[in-house]
>>> print(open('target-v7.txt').read())   # compact mmCIF, C-alpha atoms and all ligand atoms
# COMPACT_ATOMS: atom_id res chain seq x y z
CA MET A 1 12.84 15.63 -23.38
CA PHE A 2 9.82 13.48 -22.71
CA LEU A 3 12.08 10.58 -21.83
CA LEU A 4 14.09 12.75 -19.45
CA VAL A 5 10.95 13.97 -17.64
CA GLY A 6 9.64 10.42 -17.52
CA ALA A 7 12.89 9.11 -16.03
CA LEU A 8 12.99 11.87 -13.43
CA GLY A 9 9.36 11.28 -12.58
CA ALA A 10 10.02 7.61 -11.96
CA LYS A 11 13.02 8.44 -9.80
CA GLU A 12 11.04 10.94 -7.75
CA GLY A 13 8.09 8.64 -7.08
CA ALA A 14 7.89 6.96 -3.69
CA GLU A 15 8.17 3.15 -3.75
CA VAL A 16 5.54 2.74 -1.05
CA ARG A 17 3.12 5.19 0.58
CA VAL A 18 1.70 4.39 3.99
CA LEU A 19 -1.01 6.12 6.03
CA ALA A 20 -0.17 5.89 9.75
CA ILE A 21 -2.68 6.58 12.52
CA ALA A 22 -1.92 6.18 16.23
CA ASP A 23 -4.05 6.03 19.36
CA ILE A 24 -7.58 6.50 18.07
CA GLN A 25 -8.42 5.50 21.65
CA TYR A 26 -12.14 5.81 21.06
CA ALA A 27 -14.54 5.50 23.97
CA ASP A 28 -18.11 6.62 24.31
CA LYS A 29 -17.37 8.85 27.27
CA ALA A 30 -16.74 12.51 28.07
CA ALA A 31 -13.37 14.11 27.40
CA LYS A 32 -10.80 13.98 30.19
CA GLY A 33 -7.91 16.42 30.21
CA THR A 34 -6.57 16.64 26.65
CA ARG A 35 -8.16 13.34 25.56
CA PHE A 36 -11.34 13.78 23.54
CA TYR A 37 -12.42 10.15 23.20
CA ARG A 38 -15.58 10.66 21.15
CA ASN A 39 -13.92 13.09 18.71
CA SER A 40 -11.76 10.36 17.21
CA ILE A 41 -14.67 9.28 15.00
CA PRO A 42 -15.14 12.66 13.23
CA LYS A 43 -11.33 12.95 13.11
CA LEU A 44 -11.11 9.64 11.22
CA ARG A 45 -13.68 11.04 8.77
CA LYS A 46 -11.55 14.15 8.32
CA ILE A 47 -8.47 12.05 7.56
CA ARG A 48 -10.39 10.01 4.98
CA GLU A 49 -11.55 13.21 3.30
CA ALA A 50 -8.06 14.79 3.42
CA VAL A 51 -6.30 11.80 1.82
CA LYS A 52 -8.97 10.74 -0.66
CA ASP A 53 -6.87 11.77 -3.67
CA GLU A 54 -3.61 10.33 -2.31
CA LYS A 55 -2.14 7.09 -3.53
CA ILE A 56 -1.85 4.96 -0.40
CA ASP A 57 -0.61 1.35 -0.36
CA PHE A 58 -1.89 0.51 3.11
CA LEU A 59 -3.04 1.93 6.43
CA ILE A 60 -1.26 1.02 9.65
CA HIS A 61 -3.04 1.52 12.98
CA LEU A 62 -0.43 1.87 15.72
CA GLY A 63 -2.47 0.58 18.66
CA ASP A 64 -4.96 1.75 21.29
CA VAL A 65 -7.94 1.66 18.95
CA VAL A 66 -10.15 1.80 22.06
CA ASP A 67 -9.62 3.44 25.41
CA THR A 68 -11.44 0.77 27.36
CA LYS A 69 -13.82 -2.09 26.64
CA HIS A 70 -14.57 -4.20 23.62
CA ALA A 71 -17.92 -2.39 23.40
CA ASN A 72 -16.04 0.70 22.14
CA LEU A 73 -14.47 -1.12 19.17
CA ALA A 74 -17.41 -1.25 16.74
CA ALA A 75 -17.57 2.51 16.08
CA PRO A 76 -13.88 3.16 15.22
CA LEU A 77 -13.66 -0.12 13.29
CA ALA A 78 -16.70 0.78 11.17
CA GLU A 79 -15.13 4.16 10.44
CA ALA A 80 -11.73 2.62 9.67
CA ARG A 81 -13.30 0.15 7.23
CA LYS A 82 -14.45 3.06 5.07
CA PHE A 83 -10.81 3.72 4.10
CA PRO A 84 -10.37 2.01 0.74
CA TYR A 85 -7.00 0.37 1.43
CA LYS A 86 -5.60 -2.73 3.03
CA GLN A 87 -5.30 -2.16 6.79
CA TYR A 88 -3.02 -3.57 9.46
CA PHE A 89 -3.26 -3.28 13.23
CA VAL A 90 -1.07 -3.68 16.27
CA MET A 91 -2.56 -3.66 19.77
CA GLY A 92 -1.82 -1.12 22.51
CA ASN A 93 -2.07 -1.14 26.29
CA HIS A 94 -5.55 0.43 26.34
CA ASP A 95 -6.86 -2.38 24.14
CA PHE A 96 -6.32 -4.66 27.17
CA GLU A 97 -8.64 -2.81 29.57
CA ASP A 98 -11.42 -5.38 29.59
CA THR A 99 -11.99 -8.99 30.57
CA THR A 100 -9.69 -11.61 29.03
CA GLU A 101 -12.58 -12.84 26.90
CA ASN A 102 -13.29 -9.35 25.55
CA VAL A 103 -9.60 -8.59 24.93
CA GLU A 104 -9.47 -11.77 22.85
CA LYS A 105 -12.50 -10.49 20.93
CA ILE A 106 -10.70 -7.17 20.26
CA ARG A 107 -7.63 -9.06 18.98
CA ARG A 108 -9.70 -11.25 16.67
CA GLU A 109 -11.82 -8.37 15.36
CA LEU A 110 -8.64 -6.45 14.52
CA GLY A 111 -7.69 -9.45 12.39
CA LEU A 112 -4.81 -10.46 14.67
CA LYS A 113 -3.74 -14.00 15.45
CA ASP A 114 -2.17 -15.30 18.67
CA PRO A 115 0.70 -14.40 18.87
CA ALA A 116 -0.15 -11.03 17.31
CA TYR A 117 3.19 -10.31 15.60
CA TYR A 118 3.66 -10.76 11.87
CA SER A 119 5.31 -9.35 8.76
CA PHE A 120 4.35 -8.57 5.18
CA ASP A 121 6.18 -7.29 2.11
CA VAL A 122 5.44 -4.51 -0.36
CA LYS A 123 8.01 -4.44 -3.17
CA ASP A 124 11.51 -4.37 -1.61
CA TRP A 125 10.19 -3.29 1.76
CA ARG A 126 9.41 -5.63 4.65
CA PHE A 127 7.03 -4.38 7.32
CA VAL A 128 7.21 -6.05 10.71
CA CYS A 129 4.35 -5.53 13.15
CA MET A 130 5.47 -6.19 16.71
CA ASP A 131 3.44 -6.94 19.84
CA THR A 132 4.95 -4.73 22.56
CA ASN A 133 2.23 -5.82 25.00
CA ARG A 134 3.41 -9.36 25.55
CA LEU A 135 6.06 -8.54 28.15
CA SER A 136 3.87 -6.42 30.41
CA SER A 137 1.91 -6.55 33.64
CA TYR A 138 -1.36 -5.88 31.77
CA PHE A 139 -1.25 -8.54 29.01
CA LYS A 140 -4.24 -10.88 28.67
CA PRO A 141 -4.57 -13.81 28.65
CA ARG A 142 -2.12 -13.61 31.51
CA ASN A 143 1.09 -15.60 31.20
CA GLU A 144 2.37 -15.98 34.78
CA ALA A 145 6.07 -16.12 33.87
CA LEU A 146 5.93 -13.04 31.59
CA HIS A 147 3.78 -11.16 34.11
CA ALA A 148 6.29 -11.88 36.90
CA LEU A 149 9.22 -10.89 34.65
CA ALA A 150 7.56 -7.61 33.61
CA THR A 151 6.84 -6.75 37.25
CA THR A 152 10.45 -7.47 38.23
CA ILE A 153 11.79 -5.34 35.35
CA GLN A 154 9.47 -2.47 36.37
CA LYS A 155 10.84 -2.62 39.94
CA ASP A 156 14.47 -2.79 38.73
CA ILE A 157 13.98 0.25 36.47
CA LYS A 158 12.50 2.21 39.37
CA LYS A 159 15.35 1.12 41.67
CA ALA A 160 17.84 2.41 39.08
CA ARG A 161 15.84 5.65 38.95
CA GLY A 162 14.63 5.15 35.40
CA ASN A 163 11.24 6.76 34.76
CA TRP A 164 9.84 4.11 32.35
CA GLY A 165 9.20 1.26 34.81
CA ASN A 166 5.48 1.93 34.50
CA SER A 167 2.50 -0.39 34.44
CA TRP A 168 1.36 1.00 31.08
CA ASN A 169 4.63 0.10 29.31
CA GLY A 170 5.29 -3.29 27.78
CA GLY A 171 8.04 -4.92 25.77
CA LEU A 172 9.03 -7.85 23.59
CA ASP A 173 9.25 -11.31 25.15
CA LYS A 174 12.19 -13.64 24.44
CA THR A 175 10.26 -15.78 21.93
CA GLN A 176 9.28 -12.69 19.93
CA LEU A 177 12.85 -11.32 20.03
CA GLU A 178 14.18 -14.63 18.70
CA TRP A 179 11.54 -14.60 15.93
CA LEU A 180 12.55 -11.01 15.06
CA ASP A 181 16.27 -11.84 15.07
CA GLU A 182 15.70 -14.68 12.58
CA LEU A 183 13.46 -12.52 10.39
CA LEU A 184 15.99 -9.66 10.30
CA LYS A 185 18.81 -12.09 9.46
CA LYS A 186 16.73 -13.39 6.56
CA SER A 187 15.72 -9.85 5.49
CA GLU A 188 19.38 -8.79 5.35
CA THR A 189 20.21 -11.75 3.10
CA GLU A 190 17.22 -11.06 0.87
CA GLY A 191 18.15 -7.38 0.46
CA LYS A 192 14.93 -6.11 2.04
CA LYS A 193 14.53 -2.73 3.71
CA VAL A 194 12.73 -3.15 7.02
CA VAL A 195 10.31 -0.85 8.80
CA LEU A 196 8.87 -2.01 12.13
CA PHE A 197 5.49 -0.93 13.44
CA ALA A 198 4.51 -1.20 17.11
CA HIS A 199 2.54 0.51 19.83
CA GLY A 200 5.43 0.84 22.29
CA GLN A 201 8.13 3.46 21.95
CA LEU A 202 11.86 2.70 22.14
CA ARG A 203 13.55 6.08 21.77
CA PRO A 204 14.02 8.85 22.84
CA VAL A 205 14.32 7.67 26.43
CA ASN A 206 11.37 8.93 28.49
CA SER A 207 8.55 7.59 30.65
CA HIS A 208 6.85 5.86 27.67
CA ILE A 209 9.56 3.54 26.39
CA CYS A 210 9.34 -0.25 26.46
CA LEU A 211 10.51 -2.03 29.60
CA ASN A 212 13.30 -3.77 27.66
CA SER A 213 13.92 -1.02 25.09
CA ASP A 214 17.74 -1.34 25.30
CA GLU A 215 17.51 -5.03 24.46
CA ILE A 216 15.28 -4.28 21.45
CA THR A 217 17.35 -1.34 20.10
CA GLY A 218 20.48 -3.48 20.56
CA LEU A 219 18.96 -6.13 18.29
CA LEU A 220 17.73 -3.64 15.68
CA SER A 221 21.10 -1.90 15.43
CA LYS A 222 22.78 -5.21 14.47
CA TYR A 223 21.08 -5.12 11.07
CA LYS A 224 21.68 -2.59 8.30
CA CYS A 225 18.35 -3.55 6.71
CA VAL A 226 16.46 -1.94 9.62
CA LYS A 227 15.44 1.58 8.65
CA ALA A 228 12.83 2.66 11.19
CA TRP A 229 10.70 1.70 14.20
CA ILE A 230 7.42 3.62 14.05
CA ASN A 231 5.01 3.61 16.99
CA GLY A 232 2.22 5.28 18.94
CA HIS A 233 1.66 5.16 22.74
CA ASN A 234 3.28 8.51 23.60
CA HIS A 235 0.54 10.87 22.47
CA LYS A 236 2.95 13.80 22.31
CA GLY A 237 4.86 12.15 19.47
CA GLY A 238 8.64 12.24 19.19
CA TYR A 239 11.72 11.32 17.23
CA ALA A 240 15.28 10.09 17.73
CA LYS A 241 17.96 8.45 15.62
CA GLU A 242 20.33 5.94 17.16
CA LYS A 243 22.93 3.74 15.49
CA GLY A 244 21.44 4.23 12.04
CA VAL A 245 17.82 3.45 13.07
CA HIS A 246 15.09 6.10 13.07
CA TYR A 247 12.61 6.00 15.95
CA LEU A 248 9.42 7.88 15.16
CA THR A 249 6.36 8.31 17.37
CA ILE A 250 3.17 9.39 15.60
CA SER A 251 1.09 11.78 17.78
CA GLY A 252 -2.15 10.38 19.22
CA LEU A 253 -5.39 11.05 17.35
CA VAL A 254 -7.35 11.19 20.64
CA GLU A 255 -5.41 14.27 21.79
CA THR A 256 -7.08 17.69 21.61
CA LYS A 257 -10.60 18.64 20.67
CA ASN A 258 -10.03 19.33 16.98
CA ILE A 259 -6.42 18.79 15.89
CA VAL A 260 -6.20 15.77 13.60
CA SER A 261 -2.79 14.10 13.91
CA TYR A 262 -1.54 11.40 11.53
CA ALA A 263 1.18 10.94 8.92
CA ILE A 264 1.74 9.76 5.40
CA LEU A 265 5.05 7.91 5.10
CA GLU A 266 6.68 8.02 1.69
CA LEU A 267 9.30 5.31 1.32
CA TYR A 268 12.13 5.94 -1.14
CA ALA A 269 15.24 3.89 -1.83
CA ASP A 270 17.40 6.34 0.15
CA ARG A 271 15.01 7.90 2.69
CA ILE A 272 11.58 8.09 4.29
CA GLU A 273 9.61 11.30 3.96
CA VAL A 274 7.22 11.79 6.86
CA ILE A 275 4.40 14.06 5.79
CA GLY A 276 3.03 14.98 9.17
CA ARG A 277 -0.38 16.43 9.93
CA GLY A 278 -1.75 17.97 13.12
CA GLN A 279 0.73 17.51 15.94
CA THR A 280 3.00 15.17 13.97
CA PRO A 281 5.73 17.25 12.28
CA SER A 282 7.00 16.54 8.78
CA ARG A 283 10.59 15.33 8.58
CA THR A 284 13.02 13.46 6.36
CA LEU A 285 14.46 10.23 7.74
CA ARG A 286 17.73 9.59 5.98
FE FE B 1 -2.93 5.70 23.69
>>> encode(input="target-v7.txt", output="structure tokens")
Amino acid sequence: MFLLVGALGAKEGAEVRVLAIADIQYADKAAKGTRFYRNSIPKLRKIREAVKDEKIDFLIHLGDVVDTKHANLAAPLAEARKFPYKQYFVMGNHDFEDTTENVEKIRRELGLKDPAYYSFDVKDWRFVCMDTNRLSSYFKPRNEALHALATTIQKDIKKARGNWGNSWNGGLDKTQLEWLDELLKKSETEGKKVVLFAHGQLRPVNSHICLNSDEITGLLSKYKCVKAWINGHNHKGGYAKEKGVHYLTISGLVETKNIVSYAILELYADRIEVIGRGQTPSRTLR
């Protein structure tokens, strides 16, 4: 009997547990509309308190740690550092709203290299953190060719009456796509299960998706090892499944005065359980 319970227990346990927080978007300024910039600090404290007894392998921050300016980074970073786990960051569009020099400081203080895309493994899972800012009209330091390409794509989307050709959306540049293609090829051979983290959304199609989202989803759907793309950016949150890949948007922490949105992701061999809090609903990704 003991053995049976033990075996079931092992089967039921998640392989990896991840805490996901999107769009802290802290700024020392008054609330505007539904964005309560200063409240993100007490909200981070509330998350830390709520998950203190949970087993968490790492914390992923899904971009837009600040609303504007490097000067706003110290407060959320100090609060984030109180979480007792390994932490990973991706950058979001609002992290670029300062001088080139200060944006570089934000990148470095978030522990990101240049280029800011990378991967790491936990057990059989491979986590790939993408930089969906690189192909955009706001990226700094400015790359003239990528800036011109992003501007052209924005215009083409608008001409075709798409609603996502916006200055606040980015995408993956060719070099990054080639890096990802190679990594996914290798991950497939190695029998890894892949979850991608990014700021930019790919699906469902709406005004917040990446400029070249079709190109990216096309690449992801080539590989069976790809389980999910999990992002921030669209503060409302959202979900879609396309060609075997789950696309999950975690709701923005900065939204509302008091609602604290985040998720714990439980990764199992056959599924991902999203334990949603606040405006992020719970769901099973299978
Ligand atoms: Fe944001």
>>> residues_near_ligand(input="target-v7.txt", ligand="ligand FE 1 (chain B)", cutoff="6 Å", atoms="only C-alpha atoms and all ligand atoms", output="list in words")
Asp23, Gln25, Asp64 and His233 of chain A
>>> closest_residue(input="target-v7.txt", among="A:Lys113, A:Lys222, A:His208, A:Lys29", to="Gly170 of chain A", atoms="all atoms listed in the file")
A:His208
>>> residues_around(input="target-v7.txt", residues="segment 68-79 of chain A", least_positions_apart="6", cutoff="9 Å", atoms="all atoms listed in the file", output="list in words")
Ile24, Gln25, Tyr26, Ala27, Asp28, Ser40, Ile41, Pro42, Leu44, Arg45, His94, Asp95, Phe96, Glu97, Asp98, Thr99, Asn102, Val103, Lys105, Ile106, Glu109 and Leu110 of chain A
>>> residues_around(input="target-v7.txt", residues="segment 273-280 of chain A", least_positions_apart="5", cutoff="10 Å", atoms="only C-alpha atoms", output="mmCIF file with C-alpha atoms, keeping the file's coordinate frame")
data_model
loop_
_atom_site.group_PDB
_atom_site.id
_atom_site.type_symbol
_atom_site.label_atom_id
_atom_site.label_comp_id
_atom_site.auth_asym_id
_atom_site.auth_seq_id
_atom_site.Cartn_x
_atom_site.Cartn_y
_atom_site.Cartn_z
ATOM 1 C CA ALA A 14 7.890 6.960 -3.690
ATOM 2 C CA ARG A 17 3.120 5.190 0.580
ATOM 3 C CA VAL A 18 1.700 4.390 3.990
ATOM 4 C CA LEU A 19 -1.010 6.120 6.030
ATOM 5 C CA ALA A 20 -0.170 5.890 9.750
ATOM 6 C CA ILE A 47 -8.470 12.050 7.560
ATOM 7 C CA HIS A 235 0.540 10.870 22.470
ATOM 8 C CA LYS A 236 2.950 13.800 22.310
ATOM 9 C CA GLY A 237 4.860 12.150 19.470
ATOM 10 C CA GLY A 238 8.640 12.240 19.190
ATOM 11 C CA LEU A 248 9.420 7.880 15.160
ATOM 12 C CA THR A 249 6.360 8.310 17.370
ATOM 13 C CA ILE A 250 3.170 9.390 15.600
ATOM 14 C CA SER A 251 1.090 11.780 17.780
ATOM 15 C CA GLY A 252 -2.150 10.380 19.220
ATOM 16 C CA LEU A 253 -5.390 11.050 17.350
ATOM 17 C CA GLU A 255 -5.410 14.270 21.790
ATOM 18 C CA THR A 256 -7.080 17.690 21.610
ATOM 19 C CA ASN A 258 -10.030 19.330 16.980
ATOM 20 C CA ILE A 259 -6.420 18.790 15.890
ATOM 21 C CA VAL A 260 -6.200 15.770 13.600
ATOM 22 C CA SER A 261 -2.790 14.100 13.910
ATOM 23 C CA TYR A 262 -1.540 11.400 11.530
ATOM 24 C CA ALA A 263 1.180 10.940 8.920
ATOM 25 C CA ILE A 264 1.740 9.760 5.400
ATOM 26 C CA LEU A 265 5.050 7.910 5.100
ATOM 27 C CA GLU A 266 6.680 8.020 1.690
ATOM 28 C CA LEU A 267 9.300 5.310 1.320
ATOM 29 C CA TYR A 268 12.130 5.940 -1.140
ATOM 30 C CA LEU A 285 14.460 10.230 7.740
ATOM 31 C CA ARG A 286 17.730 9.590 5.980
#
>>> closest_residue(input="target-v7.txt", among="A:Arg161, A:Lys82, A:Arg126, A:Glu54", to="Gly191 of chain A", atoms="only C-alpha atoms")
A:Arg126
>>> residues_near_point(input="target-v7.txt", point="(0.3, 2.5, 6.7)", cutoff="12 Å", atoms="all atoms listed in the file", output="VMD selection string")
chain A and resid 16 to 22 55 to 62 83 85 to 90 120 122 127 to 129 195 to 198 230 to 231 250 262 to 267 274
>>> atom_distance(input="target-v7.txt", atom1="atom CA of Ala160 of chain A", atom2="atom CA of Leu219 of chain A")
22.5 Å
>>> atom_distance(input="target-v7.txt", atom1="atom CA of Ser221 of chain A", atom2="atom CA of Lys243 of chain A")
5.9 Å
>>> closest_residue(input="target-v7.txt", among="A:Pro204, A:Pro281, A:Pro115, A:Gly244", to="Phe139 of chain A", atoms="only C-alpha atoms")
A:Pro115
>>> residues_around(input="target-v7.txt", residues="Ser136 of chain A", least_positions_apart="6", cutoff="7 Å", atoms="only C-alpha atoms", output="PyMOL selection string")
chain A and resi 147+150+169-171
>>> decode(input="target-v7.txt", residues="segment 210-242 of chain A", atoms="N, CA and C atoms", output="PDB file, in the first residue's frame")
ATOM      1  N   CYS A 210       3.269  40.061 -32.432  1.00  0.00           N
ATOM      2  CA  CYS A 210       4.542  40.454 -33.030  1.00  0.00           C
ATOM      3  C   CYS A 210       4.357  40.785 -34.514  1.00  0.00           C
ATOM      4  N   LEU A 211       5.214  41.679 -35.001  1.00  0.00           N
ATOM      5  CA  LEU A 211       5.131  42.116 -36.394  1.00  0.00           C
ATOM      6  C   LEU A 211       5.263  40.922 -37.348  1.00  0.00           C
ATOM      7  N   ASN A 212       6.163  39.988 -37.021  1.00  0.00           N
ATOM      8  CA  ASN A 212       6.321  38.809 -37.885  1.00  0.00           C
ATOM      9  C   ASN A 212       5.833  37.538 -37.176  1.00  0.00           C
ATOM     10  N   SER A 213       4.672  37.619 -36.551  1.00  0.00           N
ATOM     11  CA  SER A 213       4.163  36.484 -35.765  1.00  0.00           C
ATOM     12  C   SER A 213       3.943  35.238 -36.631  1.00  0.00           C
ATOM     13  N   ASP A 214       3.484  35.398 -37.873  1.00  0.00           N
ATOM     14  CA  ASP A 214       3.252  34.223 -38.734  1.00  0.00           C
ATOM     15  C   ASP A 214       4.558  33.472 -38.998  1.00  0.00           C
ATOM     16  N   GLU A 215       5.621  34.248 -39.204  1.00  0.00           N
ATOM     17  CA  GLU A 215       6.927  33.638 -39.468  1.00  0.00           C
ATOM     18  C   GLU A 215       7.377  32.840 -38.236  1.00  0.00           C
ATOM     19  N   ILE A 216       7.150  33.392 -37.062  1.00  0.00           N
ATOM     20  CA  ILE A 216       7.589  32.735 -35.820  1.00  0.00           C
ATOM     21  C   ILE A 216       6.734  31.488 -35.535  1.00  0.00           C
ATOM     22  N   THR A 217       5.403  31.617 -35.637  1.00  0.00           N
ATOM     23  CA  THR A 217       4.539  30.451 -35.375  1.00  0.00           C
ATOM     24  C   THR A 217       4.815  29.347 -36.407  1.00  0.00           C
ATOM     25  N   GLY A 218       5.121  29.750 -37.635  1.00  0.00           N
ATOM     26  CA  GLY A 218       5.464  28.776 -38.685  1.00  0.00           C
ATOM     27  C   GLY A 218       6.679  27.955 -38.282  1.00  0.00           C
ATOM     28  N   LEU A 219       7.673  28.627 -37.714  1.00  0.00           N
ATOM     29  CA  LEU A 219       8.888  27.930 -37.268  1.00  0.00           C
ATOM     30  C   LEU A 219       8.576  27.017 -36.074  1.00  0.00           C
ATOM     31  N   LEU A 220       7.842  27.523 -35.109  1.00  0.00           N
ATOM     32  CA  LEU A 220       7.544  26.733 -33.899  1.00  0.00           C
ATOM     33  C   LEU A 220       6.763  25.466 -34.241  1.00  0.00           C
ATOM     34  N   SER A 221       5.833  25.591 -35.187  1.00  0.00           N
ATOM     35  CA  SER A 221       4.966  24.443 -35.498  1.00  0.00           C
ATOM     36  C   SER A 221       5.692  23.340 -36.256  1.00  0.00           C
ATOM     37  N   LYS A 222       6.918  23.609 -36.705  1.00  0.00           N
ATOM     38  CA  LYS A 222       7.726  22.571 -37.372  1.00  0.00           C
ATOM     39  C   LYS A 222       8.236  21.526 -36.387  1.00  0.00           C
ATOM     40  N   TYR A 223       8.260  21.877 -35.106  1.00  0.00           N
ATOM     41  CA  TYR A 223       8.926  21.018 -34.117  1.00  0.00           C
ATOM     42  C   TYR A 223       7.961  20.498 -33.055  1.00  0.00           C
ATOM     43  N   LYS A 224       7.912  19.187 -32.949  1.00  0.00           N
ATOM     44  CA  LYS A 224       7.033  18.551 -31.946  1.00  0.00           C
ATOM     45  C   LYS A 224       7.490  18.839 -30.518  1.00  0.00           C
ATOM     46  N   CYS A 225       8.763  19.150 -30.344  1.00  0.00           N
ATOM     47  CA  CYS A 225       9.290  19.397 -29.000  1.00  0.00           C
ATOM     48  C   CYS A 225       8.751  20.708 -28.409  1.00  0.00           C
ATOM     49  N   VAL A 226       8.214  21.582 -29.252  1.00  0.00           N
ATOM     50  CA  VAL A 226       7.724  22.884 -28.764  1.00  0.00           C
ATOM     51  C   VAL A 226       6.341  22.716 -28.140  1.00  0.00           C
ATOM     52  N   LYS A 227       6.268  23.010 -26.855  1.00  0.00           N
ATOM     53  CA  LYS A 227       4.996  22.849 -26.130  1.00  0.00           C
ATOM     54  C   LYS A 227       4.242  24.179 -25.997  1.00  0.00           C
ATOM     55  N   ALA A 228       4.944  25.234 -25.650  1.00  0.00           N
ATOM     56  CA  ALA A 228       4.225  26.486 -25.373  1.00  0.00           C
ATOM     57  C   ALA A 228       5.111  27.712 -25.565  1.00  0.00           C
ATOM     58  N   TRP A 229       4.471  28.804 -25.947  1.00  0.00           N
ATOM     59  CA  TRP A 229       5.081  30.146 -25.998  1.00  0.00           C
ATOM     60  C   TRP A 229       4.313  30.965 -24.958  1.00  0.00           C
ATOM     61  N   ILE A 230       5.015  31.449 -23.956  1.00  0.00           N
ATOM     62  CA  ILE A 230       4.349  32.148 -22.849  1.00  0.00           C
ATOM     63  C   ILE A 230       4.898  33.575 -22.767  1.00  0.00           C
ATOM     64  N   ASN A 231       4.007  34.553 -22.741  1.00  0.00           N
ATOM     65  CA  ASN A 231       4.430  35.950 -22.880  1.00  0.00           C
ATOM     66  C   ASN A 231       3.622  36.911 -22.013  1.00  0.00           C
ATOM     67  N   GLY A 232       4.021  38.174 -22.059  1.00  0.00           N
ATOM     68  CA  GLY A 232       3.294  39.261 -21.413  1.00  0.00           C
ATOM     69  C   GLY A 232       2.765  40.197 -22.488  1.00  0.00           C
ATOM     70  N   HIS A 233       3.011  41.504 -22.319  1.00  0.00           N
ATOM     71  CA  HIS A 233       2.726  42.551 -23.313  1.00  0.00           C
ATOM     72  C   HIS A 233       1.251  42.935 -23.402  1.00  0.00           C
ATOM     73  N   ASN A 234       0.365  41.970 -23.639  1.00  0.00           N
ATOM     74  CA  ASN A 234      -1.064  42.257 -23.709  1.00  0.00           C
ATOM     75  C   ASN A 234      -1.634  42.097 -22.298  1.00  0.00           C
ATOM     76  N   HIS A 235      -1.827  43.209 -21.625  1.00  0.00           N
ATOM     77  CA  HIS A 235      -2.159  43.165 -20.195  1.00  0.00           C
ATOM     78  C   HIS A 235      -3.452  42.415 -19.898  1.00  0.00           C
ATOM     79  N   LYS A 236      -4.310  42.301 -20.900  1.00  0.00           N
ATOM     80  CA  LYS A 236      -5.573  41.576 -20.703  1.00  0.00           C
ATOM     81  C   LYS A 236      -5.354  40.073 -20.554  1.00  0.00           C
ATOM     82  N   GLY A 237      -4.223  39.574 -20.998  1.00  0.00           N
ATOM     83  CA  GLY A 237      -3.988  38.135 -21.008  1.00  0.00           C
ATOM     84  C   GLY A 237      -4.650  37.513 -22.223  1.00  0.00           C
ATOM     85  N   GLY A 238      -4.536  36.196 -22.348  1.00  0.00           N
ATOM     86  CA  GLY A 238      -5.159  35.533 -23.495  1.00  0.00           C
ATOM     87  C   GLY A 238      -4.597  34.143 -23.709  1.00  0.00           C
ATOM     88  N   TYR A 239      -5.238  33.428 -24.601  1.00  0.00           N
ATOM     89  CA  TYR A 239      -4.805  32.053 -24.876  1.00  0.00           C
ATOM     90  C   TYR A 239      -5.280  31.610 -26.251  1.00  0.00           C
ATOM     91  N   ALA A 240      -4.475  30.800 -26.919  1.00  0.00           N
ATOM     92  CA  ALA A 240      -4.870  30.152 -28.171  1.00  0.00           C
ATOM     93  C   ALA A 240      -4.008  28.901 -28.337  1.00  0.00           C
ATOM     94  N   LYS A 241      -4.520  27.947 -29.091  1.00  0.00           N
ATOM     95  CA  LYS A 241      -3.696  26.789 -29.452  1.00  0.00           C
ATOM     96  C   LYS A 241      -3.713  26.691 -30.967  1.00  0.00           C
ATOM     97  N   GLU A 242      -2.530  26.527 -31.544  1.00  0.00           N
ATOM     98  CA  GLU A 242      -2.442  26.436 -33.001  1.00  0.00           C
ATOM     99  C   GLU A 242      -1.376  25.413 -33.375  1.00  0.00           C
TER     100      GLU A 242
END
